[in-house]
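Q: Got a structure for you, input_13.txt, holding compact mmCIF, C-alpha atoms.
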```
# COMPACT_ATOMS: atom_id res chain seq x y z
CA MET A 436 37.43 30.76 15.71
CA GLU A 437 38.76 34.21 14.94
CA ILE A 438 36.25 36.79 13.67
CA LEU A 439 37.50 39.45 11.25
CA HIS A 440 35.54 42.57 10.37
CA MET A 441 35.14 43.91 6.82
CA THR A 442 33.09 46.78 5.48
CA SER A 443 30.51 46.31 2.73
CA ASN A 444 32.81 48.17 0.33
CA GLU A 445 35.72 45.85 1.10
CA ILE A 446 33.55 42.82 0.41
CA ALA A 447 32.25 44.37 -2.83
CA ASN A 448 35.85 44.64 -4.08
CA LEU A 449 36.61 40.94 -3.61
CA ASN A 450 36.98 38.64 -6.62
CA GLY A 451 34.04 36.26 -6.95
CA LEU A 452 34.55 32.58 -7.64
CA ASP A 453 32.24 30.35 -9.66
CA LEU A 454 32.18 27.10 -7.69
CA GLY A 455 28.63 26.05 -8.58
CA THR A 456 27.27 26.84 -5.11
CA GLU A 457 24.07 28.66 -4.24
CA SER A 458 25.94 31.05 -1.94
CA SER A 459 28.24 33.88 -3.02
CA VAL A 460 31.89 32.77 -2.88
CA TYR A 461 34.98 35.02 -2.92
CA LYS A 462 38.74 34.69 -2.98
CA TYR A 463 40.42 36.50 -0.08
CA LYS A 464 44.05 37.03 0.92
CA TYR A 465 44.87 37.29 4.62
CA ARG A 466 48.33 37.24 6.22
CA ASP A 467 49.88 36.21 2.89
CA LYS A 468 47.63 33.16 2.56
CA GLU A 469 44.70 32.67 0.17
CA TYR A 470 41.26 31.72 1.43
CA VAL A 471 37.76 31.13 0.09
CA LEU A 472 34.95 33.11 1.71
CA LYS A 473 31.51 31.51 1.56
CA GLU A 474 28.40 33.49 2.40
CA LEU A 475 26.10 32.48 5.24
CA ASP A 476 22.37 33.00 4.71
CA TYR A 477 21.85 35.74 7.29
CA TYR A 478 18.33 36.43 5.96
CA ASP A 479 17.10 33.08 7.34
CA LYS A 480 17.84 32.75 11.06
CA ASN A 481 17.23 28.98 11.12
CA LYS A 482 19.72 28.35 8.31
CA TRP A 483 22.24 30.77 9.81
CA ASP A 484 22.02 29.14 13.24
CA ASN A 485 22.38 25.67 11.73
CA LYS A 486 25.41 26.59 9.59
CA MET A 487 27.10 28.25 12.57
CA ARG A 488 26.47 25.19 14.71
CA THR A 489 27.95 22.99 11.99
CA LEU A 490 31.07 25.10 11.49
CA LEU A 491 31.72 25.52 15.22
CA SER A 492 31.30 21.77 15.72
CA VAL A 493 33.85 21.09 12.99
CA ASP A 494 36.25 23.58 14.54
CA SER A 495 35.92 22.09 18.04
CA ASN A 496 36.57 18.59 16.63
CA ARG A 497 39.26 19.51 14.10
CA ASP A 498 41.79 17.16 15.76
CA ILE A 499 39.42 14.22 15.16
CA ILE A 500 38.27 15.13 11.65
CA PRO A 501 40.89 14.05 9.06
CA ASP A 502 42.94 16.63 7.17
CA TYR A 503 41.35 15.71 3.85
CA PHE A 504 38.29 17.67 5.00
CA ILE A 505 38.75 21.37 4.15
CA LYS A 506 37.94 22.94 7.51
CA PRO A 507 36.78 26.44 8.46
CA GLU A 508 39.54 28.84 9.52
CA PHE A 509 37.78 32.06 10.58
CA PHE A 510 34.61 34.12 10.21
CA ILE A 511 34.02 37.48 8.51
CA SER A 512 31.54 39.92 10.00
CA SER A 513 30.00 42.96 8.34
CA ASP A 514 27.42 45.38 9.72
CA TYR A 515 27.61 43.58 13.11
CA THR A 516 26.61 40.20 11.64
CA ILE A 517 28.81 37.17 10.82
CA ARG A 518 28.19 36.84 7.09
CA TYR A 519 31.01 34.66 5.75
CA TRP A 520 33.20 31.76 6.80
CA ALA A 521 36.66 31.16 5.43
CA SER A 522 38.50 28.00 4.42
CA ARG A 523 41.89 27.68 2.78
CA TYR A 524 41.96 28.15 -0.98
CA VAL A 525 42.86 24.97 -2.85
CA ASN A 526 44.37 25.33 -6.29
CA GLY A 527 43.08 22.19 -7.95
CA ILE A 528 40.34 20.60 -10.02
CA ASN A 529 36.81 19.75 -9.02
CA PHE A 530 36.14 15.99 -9.08
CA ASN A 531 33.16 16.40 -11.43
CA SER A 532 35.37 18.32 -13.89
CA LEU A 533 38.00 15.58 -13.68
CA LEU A 534 35.41 12.90 -14.44
CA ASN A 535 34.32 14.84 -17.55
CA ASP A 536 37.87 15.53 -18.75
CA LYS A 537 38.67 13.28 -21.72
CA GLU A 538 42.40 13.86 -21.17
CA VAL A 539 42.27 12.17 -17.74
CA SER A 540 42.76 8.40 -17.87
CA PHE A 541 40.12 5.87 -16.93
CA ASP A 542 42.36 4.43 -14.20
CA VAL A 543 42.84 7.83 -12.55
CA LYS A 544 39.09 8.48 -12.49
CA LYS A 545 38.50 5.01 -11.08
CA ARG A 546 41.14 5.51 -8.37
CA TYR A 547 39.56 8.72 -7.08
CA LEU A 548 36.07 7.21 -7.18
CA LYS A 549 37.33 4.32 -5.08
CA ARG A 550 39.04 6.75 -2.68
CA ILE A 551 35.66 8.28 -1.80
CA GLY A 552 34.48 4.85 -0.69
CA TYR A 553 37.56 4.54 1.54
CA ILE A 554 36.78 7.94 3.07
CA LEU A 555 33.30 6.66 4.00
CA LYS A 556 34.88 3.59 5.60
CA GLN A 557 37.25 5.81 7.61
CA MET A 558 34.26 7.84 8.77
CA ASP A 559 32.73 4.57 10.01
CA TYR A 560 35.81 4.13 12.19
CA ILE A 561 35.55 7.70 13.53
CA ARG A 562 31.89 7.21 14.46
CA ARG A 563 32.70 3.99 16.34
CA ASN A 564 35.78 5.28 18.15
CA SER A 565 35.13 8.93 19.00
CA LEU A 566 32.41 11.22 20.30
CA LEU A 567 31.43 12.03 16.70
CA SER A 568 28.81 9.31 16.50
CA ASP A 569 26.76 11.16 13.87
CA PHE A 570 29.54 12.35 11.53
CA TYR A 571 28.41 12.07 7.87
CA ILE A 572 29.11 13.97 4.64
CA GLY A 573 25.41 14.48 3.92
CA ASP A 574 25.40 16.39 0.63
CA LEU A 575 27.67 13.88 -1.05
CA HIS A 576 28.10 14.36 -4.80
CA GLU A 577 30.76 14.84 -7.46
CA ASN A 578 31.09 18.62 -7.04
CA ASN A 579 31.87 18.43 -3.32
CA PHE A 580 35.33 16.93 -3.81
CA ILE A 581 38.46 18.60 -5.14
CA ILE A 582 41.85 17.23 -6.21
CA ASP A 583 44.74 19.48 -5.24
CA ARG A 584 48.08 19.96 -7.04
CA SER A 585 49.62 17.10 -5.06
CA SER A 586 46.89 14.75 -6.39
CA ARG A 587 45.13 14.53 -3.03
CA LEU A 588 41.33 14.15 -2.94
CA LEU A 589 39.73 16.59 -0.48
CA VAL A 590 36.20 16.98 0.86
CA CYS A 591 34.95 20.55 0.40
CA ASP A 592 31.69 22.39 1.23
CA ILE A 593 32.00 21.18 4.81
CA ASP A 594 29.22 23.46 6.07
CA SER A 595 26.74 20.88 4.72
CA ILE A 596 27.98 17.91 6.73
CA LYS A 597 26.07 16.13 9.50
CA ILE A 598 27.72 16.54 12.89
CA ASN A 599 26.79 16.82 16.59
CA GLY A 600 23.03 16.74 16.12
CA ASN A 601 22.78 19.54 13.54
CA ARG A 602 20.29 19.48 10.68
CA SER A 603 21.77 18.56 7.33
CA SER A 604 21.02 20.75 4.33
CA VAL A 605 18.95 19.42 1.44
CA GLY A 606 21.38 17.46 -0.74
CA LYS A 607 21.76 17.13 -4.49
CA TYR A 608 20.79 13.45 -4.36
CA LEU A 609 18.67 13.66 -1.17
CA ASN A 610 15.48 15.45 -2.09
CA PRO A 611 11.79 14.70 -2.76
CA PHE A 612 12.60 13.93 -6.43
CA SER A 613 15.30 11.34 -5.67
CA LEU A 614 15.05 7.82 -7.04
CA PHE A 615 14.57 6.39 -3.53
CA SER A 616 11.82 8.93 -2.84
CA LYS A 617 9.92 7.82 -5.95
CA ALA A 618 10.20 4.23 -4.69
CA GLY A 619 9.00 5.16 -1.18
CA THR A 620 11.88 3.24 0.44
CA LYS A 621 11.29 3.33 4.21
CA LYS A 622 14.91 3.25 5.41
CA TYR A 623 15.37 6.86 4.29
CA LYS A 624 13.70 8.84 7.06
CA ILE A 625 11.92 12.12 6.36
CA ASP A 626 12.90 15.07 8.58
CA ASN A 627 9.70 16.91 9.48
CA SER A 628 11.32 19.20 12.06
CA ASN A 629 11.97 22.08 9.66
CA ASN A 630 11.31 21.73 5.93
CA ARG A 631 13.33 24.85 5.16
CA ILE A 632 16.53 23.13 6.27
CA GLY A 633 16.32 19.51 5.22
CA ASP A 634 13.94 16.84 4.03
CA TYR A 635 15.80 13.62 4.92
CA ILE A 636 17.69 12.62 8.04
CA VAL A 637 21.31 12.00 7.08
CA ASP A 638 22.81 8.70 8.22
CA LYS A 639 25.01 5.89 6.90
CA ASN A 640 22.33 4.74 4.44
CA THR A 641 22.00 8.19 2.87
CA ASP A 642 25.78 8.65 2.51
CA LEU A 643 26.07 5.22 0.90
CA TYR A 644 23.06 5.95 -1.31
CA CYS A 645 24.79 9.06 -2.66
CA TYR A 646 28.09 7.22 -3.16
CA ASN A 647 26.42 4.35 -5.04
CA ILE A 648 24.64 6.93 -7.22
CA MET A 649 28.03 8.49 -8.01
CA VAL A 650 29.42 5.10 -9.05
CA MET A 651 26.36 4.44 -11.23
CA ASN A 652 26.64 7.93 -12.76
CA PHE A 653 30.21 7.04 -13.73
CA LEU A 654 29.01 3.81 -15.33
CA CYS A 655 26.13 5.20 -17.38
CA GLY A 656 27.46 8.71 -18.04
CA LYS A 657 24.20 10.28 -16.82
CA CYS A 658 22.54 11.18 -13.53
CA ILE A 659 20.95 7.88 -12.51
CA ASN A 660 19.07 9.66 -9.69
CA ASP A 661 16.78 11.30 -12.27
CA ILE A 662 15.54 8.22 -14.13
CA SER A 663 12.35 6.23 -13.55
CA ILE A 664 12.24 3.23 -11.23
CA ASP A 665 11.47 0.91 -14.17
CA ASN A 666 14.53 2.15 -16.06
CA PHE A 667 16.66 1.73 -12.94
CA TYR A 668 15.85 -1.97 -12.69
CA ARG A 669 16.18 -2.41 -16.47
CA TYR A 670 19.66 -0.91 -16.22
CA LEU A 671 20.63 -3.25 -13.36
CA ASN A 672 19.57 -6.23 -15.49
CA TYR A 673 21.67 -4.88 -18.35
CA LEU A 674 24.71 -4.55 -16.07
CA ASN A 675 24.32 -8.21 -15.11
CA VAL A 676 24.08 -9.24 -18.77
CA ILE A 677 27.31 -7.45 -19.80
CA GLY A 678 29.27 -8.92 -16.89
CA ILE A 679 29.55 -6.15 -14.30
CA ASP A 680 30.54 -7.70 -10.96
CA TYR A 681 27.50 -9.42 -9.46
CA GLU A 682 28.23 -8.16 -5.93
CA MET A 683 28.42 -4.58 -7.14
CA VAL A 684 25.08 -4.85 -8.96
CA GLU A 685 23.55 -6.36 -5.81
CA MET A 686 24.69 -3.30 -3.87
CA PHE A 687 22.96 -1.06 -6.42
CA ASN A 688 19.85 -3.21 -6.05
CA LYS A 689 19.82 -2.56 -2.28
CA LEU A 690 19.38 1.18 -2.80
CA LEU A 691 15.63 0.87 -3.31
CA SER A 692 15.12 -2.04 -0.90
CA ASN A 693 14.73 -1.88 2.88
CA GLU A 694 18.12 -3.59 3.42
CA ASP A 695 20.96 -1.39 4.63
CA ASN A 696 23.13 -0.02 1.83
CA ALA A 697 26.66 -1.31 1.22
CA ASN A 698 29.92 0.26 0.08
CA PRO A 699 30.98 -0.82 -3.45
CA CYS A 700 34.52 0.61 -3.31
CA TYR A 701 36.25 -2.80 -3.31
CA TYR A 702 34.55 -3.76 -6.59
CA ILE A 703 35.49 -0.64 -8.55
CA ASP A 704 38.79 -2.26 -9.60
CA SER A 705 36.76 -4.89 -11.48
CA LEU A 706 35.65 -2.22 -13.96
CA THR A 707 37.49 -2.01 -17.28
CA GLU A 708 37.40 0.57 -20.06
CA ASP A 709 35.70 -1.98 -22.31
CA LYS A 710 32.97 -2.57 -19.72
CA LEU A 711 32.53 1.18 -19.28
CA VAL A 712 31.94 1.62 -23.01
CA ARG A 713 29.32 -1.14 -22.90
CA THR A 714 27.58 0.26 -19.80
CA ARG A 715 27.04 3.56 -21.64
CA ARG A 716 25.38 1.94 -24.65
CA PHE A 717 22.18 1.35 -22.74
CA ASN A 718 19.50 3.91 -23.64
CA LEU A 719 18.27 5.59 -20.45
```
Translate the structure of the given file into structure tokens.
A:
Amino acid sequence: MEILHMTSNEIANLNGLDLGTESSVYKYKYRDKEYVLKELDYYDKNKWDNKMRTLLSVDSNRDIIPDYFIKPEFFISSDYTIRYWASRYVNGINFNSLLNDKEVSFDVKKRYLKRIGYILKQMDYIRRNSLLSDFYIGDLHENNFIIDRSSRLLVCDIDSIKINGNRSSVGKYLNPFSLFSKAGTKKYKIDNSNNRIGDYIVDKNTDLYCYNIMVMNFLCGKCINDISIDNFYRYLNYLNVIGIDYEMVEMFNKLLSNEDNANPCYYIDSLTEDKLVRTRRFNL
């Protein structure tokens, strides 16, 4: 990828963006196009090396990775160090904001939630039919998707994905305080190679865990990953009682078992506004 050089003063004059990330993020115009610059942690060599490996792997496989992933375009160096990577700026709405917007219809929210499940299925196909046998989203949660002005759902924050043997960053739903961690579920494997980079090895089960958590968050209106194990099973029983699709509830039940996780996207259409109201009456 191309490397551009900027002085510290030029970077200081950029407009910051509040995207809810830990890193500094800026809006940047180059050759009449708008980009987002995201800071690399150059104070931690292990993190820097891992992020660079991730971004370069994405770039070298950009013909395989679908266009709904927002890919890196170039790097920015300052003081002889690559400190930022650039992706195209998307004028749209964050998926988490859309879910919380009362003006957006239930059917629209449901359609985008289902679309994420289809993306995971398409990634299954890529892993089976290309050299990207370990291609996963990793830090999969509501804030890492954006809907552009043409109503297309895009995967953002691509520097956190799992690809070509890199180490995945600690994820929002993949951490020592996760529901599955409290349950001690053995199918989620701890990464002891470098605790500063990641705690759990990302694979199909972890991506599906995060996706199922997103679906359950939509149902209950809270972060299900933060509740107790007892309340989790009480909530599953409640979902059965009010008539949520049995197969979907069984998929939720697998999250804390040693069975492989499943993708509930085909059952999202069974949800109705009336059922959603009832799912949120349960006191968690």
Q: From the options A:Leu439, A:Ile636, A:Met651, A:Ile572, which residue's atoms come nearest to A:Asp514, counting only C-alpha atoms?
A: A:Leu439
Q: Set the distance at 12 Å and use only C-alpha atoms: which residues neighbour stretch 538-547 of chain A once local chain neighbours fewer than 3 positions away are removed? I'd like the list as JSON, numbers by chain.
A: {"A": [528, 529, 530, 531, 532, 533, 534, 535, 550, 551, 552, 553, 554, 577, 580, 581, 582, 586, 587, 588, 589, 590, 649, 650, 653, 654, 700, 701, 702, 703, 704, 705, 706, 707, 708, 709, 710, 711, 712]}
Q: Determine the nearest neighbour of A:Gln557 from the options A:Asn526, A:Lys480, A:Ile499, A:Gly619, counting only C-alpha atoms.
A: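 When distances to A:Gln557 are compared using only C-alpha atoms, the smallest one comes from A:Ile499.
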Q: Given all atoms listed in the file as the basis, pick out the residue of A:Tyr635, A:Tyr673, A:Tyr470, A:Trp520 nearest to A:Lys621.
A: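 Smallest separation from A:Lys621 among the options: A:Tyr635.
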Q: Just to confirm, what's the straight-line distance from atom CA of A:Asp634 to atom CA of A:Val605 in Å (one decimal)?
A: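 About the pair atom CA of A:Asp634 and atom CA of A:Val605: they are 6.2 Å apart.
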Q: If we count all atoms listed in the file and set the cut-off at 10 Å, which residues sit around A:Leu566, ignoring sequence neighbours fewer than 4 positions away in its own chain? Please answer as a ChimeraX atom specification.
A: /A:496,499,561-562,570,599
Q: What is the atom CA of A:Arg715-atom CA of A:Ile679 distance in Å, reported with one decimal?
A: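 Straight-line distance from atom CA of A:Arg715 to atom CA of A:Ile679 works out to 12.4 Å.
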Q: Using all atoms listed in the file, can you list as a list in words the residues within 9 Å of (27.0, 33.8, -2.4)?
A: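 Returned residue set, sorted by chain then number, is Gly451, Thr456, Glu457, Ser458, Ser459, Val460, Tyr461, Leu472, Lys473, Glu474, Leu475 and Asp476 of chain A.
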Q: As a list in words, please: the residues near A:Asn610 (cut-off 12 Å, only C-alpha atoms, same-chain neighbours under 3 positions excluded).
A: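 That gives Gly573, Asp574, Ser603, Ser604, Val605, Gly606, Lys607, Ser613, Leu614, Phe615, Ser616, Lys617, Tyr623, Lys624, Ile625, Asp626, Asn630, Ile632, Gly633, Asp634, Tyr635, Ile636, Val637, Thr641, Cys645, Asn660 and Asp661 of chain A.
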Q: So the first atom is atom CA of A:Asn675 and the second is atom CA of A:Asp536; what is the distance between them in Å, to one decimal place?
A: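 Distance between the two atoms: 27.6 Å.
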Q: Out of A:Val676, A:Leu609, A:Val471, A:Leu449, which residue has the shortest atom-to-atom distance to A:Asp642 when counting all atoms listed in the file?
A: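 Closest to A:Asp642 of all the choices is A:Leu609.
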Q: Nearest to A:Ser692: which of A:Asn444, A:Ser565, A:Thr620, A:Asn652 is it, counting only C-alpha atoms?
A: A:Thr620
Q: Report, as lines of an AutoDock Vina configuration file, the axis-aligned box around all atoms of stretch 635-643 of chain A present in the file, extended by 5 Å on each side; give centre and edge lengths in Å to one decimal place.
A:
```
center_x = 20.9
center_y = 9.2
center_z = 4.6
size_x = 20.3
size_y = 18.9
size_z = 17.3
```
